[in-house]
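Working notes, beginning with the structure itself.
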Amino acid sequence: MVFKRDDPSLPRAGTHDLPASRKEAGDAAEARALRWLQAQGLTPVARNYRVARGRSARGGEVDLILRDRDGTLVFVEVRARADARHGGAAASVGATKQRRIVFAAQHYLMRLPTPPPCRFDVVALDGDEVQWIQAAFDAG
């Protein structure tokens, strides 16, 4: 049997019968991570901070920017996987992704009159498990 993409008899993405789009799944993971980090005492500052691609730069994005209780500005990468196979969500934050996050963070910090202490965290969501890796990587 062949189904057309817009066949009204097919369940829509986002229902329990079909997985949500990658964007919807990513947004849901970020919302879950944000709620979890707020419960840990962090205060939201920005979400999905993007720097467009330029001639000499590849651009970058920071999923969440929060402020920790001690004033540290925390740039957070959120990764989600259905389970921890293949190294899990945390293992998917490689060197290229780290460089793009650092680039976007530097761009964000240029807007501030005095940059505060900063760190780069990863929140890895593997199924129902939440792993918060503080200071997961450095800017250098």
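Following the order of the structure tokens, chains are lettered A, B, ..., residues in each are numbered from 1, and ligands are numbered from 1.
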Problem set entry | All residues 8 Å or closer to segment 112-129 of chain A, only C-alpha atoms, same chain fewer than 3 positions away omitted, as an NGL selection string | :A and (29 or 33 or 71-84 or 88-90 or 108-109 or 132-139)
For this session: Among the residues of segment 30-109 of chain A, find those DSSP assigns to helix (DSSP H, G or I) from the backbone and print them as JSON, numbers by chain.
Result: {"A": [30, 31, 32, 33, 34, 35, 36, 37, 38, 39, 85, 86, 87, 90, 91, 92, 95, 96, 97, 98, 99, 100, 101, 102, 103, 104, 105, 106, 107, 108, 109]}
Sort by chain and increasing residue number a table of all residues of segment 98-123 of chain A within 9 Å of segment 59-69 of chain A, each with its closest pair of atoms and their distance in Å to one decimal, counting only C-alpha atoms, and write it as a Markdown table.
```
| residue | atom | partner | partner_atom | distance |
| --- | --- | --- | --- | --- |
| A:Arg99 | CA | A:Gly60 | CA | 8.2 |
| A:Arg100 | CA | A:Gly60 | CA | 4.4 |
| A:Ile101 | CA | A:Val62 | CA | 5.5 |
| A:Val102 | CA | A:Gly60 | CA | 8.0 |
| A:Phe103 | CA | A:Gly60 | CA | 6.2 |
| A:Ala104 | CA | A:Gly60 | CA | 5.1 |
| A:Ala105 | CA | A:Val62 | CA | 6.9 |
```
Store the residues of this selection in a file with N, CA and C atoms, as an mmCIF file, in the first residue's frame.
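So the final result, stored in out.cif, reads:
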```cif
data_model
loop_
_atom_site.group_PDB
_atom_site.id
_atom_site.type_symbol
_atom_site.label_atom_id
_atom_site.label_comp_id
_atom_site.auth_asym_id
_atom_site.auth_seq_id
_atom_site.Cartn_x
_atom_site.Cartn_y
_atom_site.Cartn_z
ATOM 1 N N ARG A 99 33.296 24.478 19.063
ATOM 2 C CA ARG A 99 33.805 25.726 18.465
ATOM 3 C C ARG A 99 32.670 26.669 18.086
ATOM 4 N N ARG A 100 31.592 26.124 17.558
ATOM 5 C CA ARG A 100 30.452 26.963 17.155
ATOM 6 C C ARG A 100 29.742 27.564 18.368
ATOM 7 N N ILE A 101 29.651 26.804 19.438
ATOM 8 C CA ILE A 101 29.050 27.321 20.666
ATOM 9 C C ILE A 101 29.930 28.425 21.246
ATOM 10 N N VAL A 102 31.234 28.193 21.286
ATOM 11 C CA VAL A 102 32.165 29.198 21.807
ATOM 12 C C VAL A 102 32.102 30.463 20.957
ATOM 13 N N PHE A 103 32.037 30.315 19.639
ATOM 14 C CA PHE A 103 31.940 31.479 18.755
ATOM 15 C C PHE A 103 30.693 32.305 19.077
ATOM 16 N N ALA A 104 29.547 31.642 19.214
ATOM 17 C CA ALA A 104 28.294 32.345 19.533
ATOM 18 C C ALA A 104 28.372 32.981 20.918
ATOM 19 N N ALA A 105 28.977 32.289 21.879
ATOM 20 C CA ALA A 105 29.115 32.835 23.235
ATOM 21 C C ALA A 105 29.993 34.085 23.231
#
```
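For the atom pair formed by atom CA of Ala95 of chain A and atom CA of Gly140 of chain A, the distance is 11.2 Å, given to one decimal.
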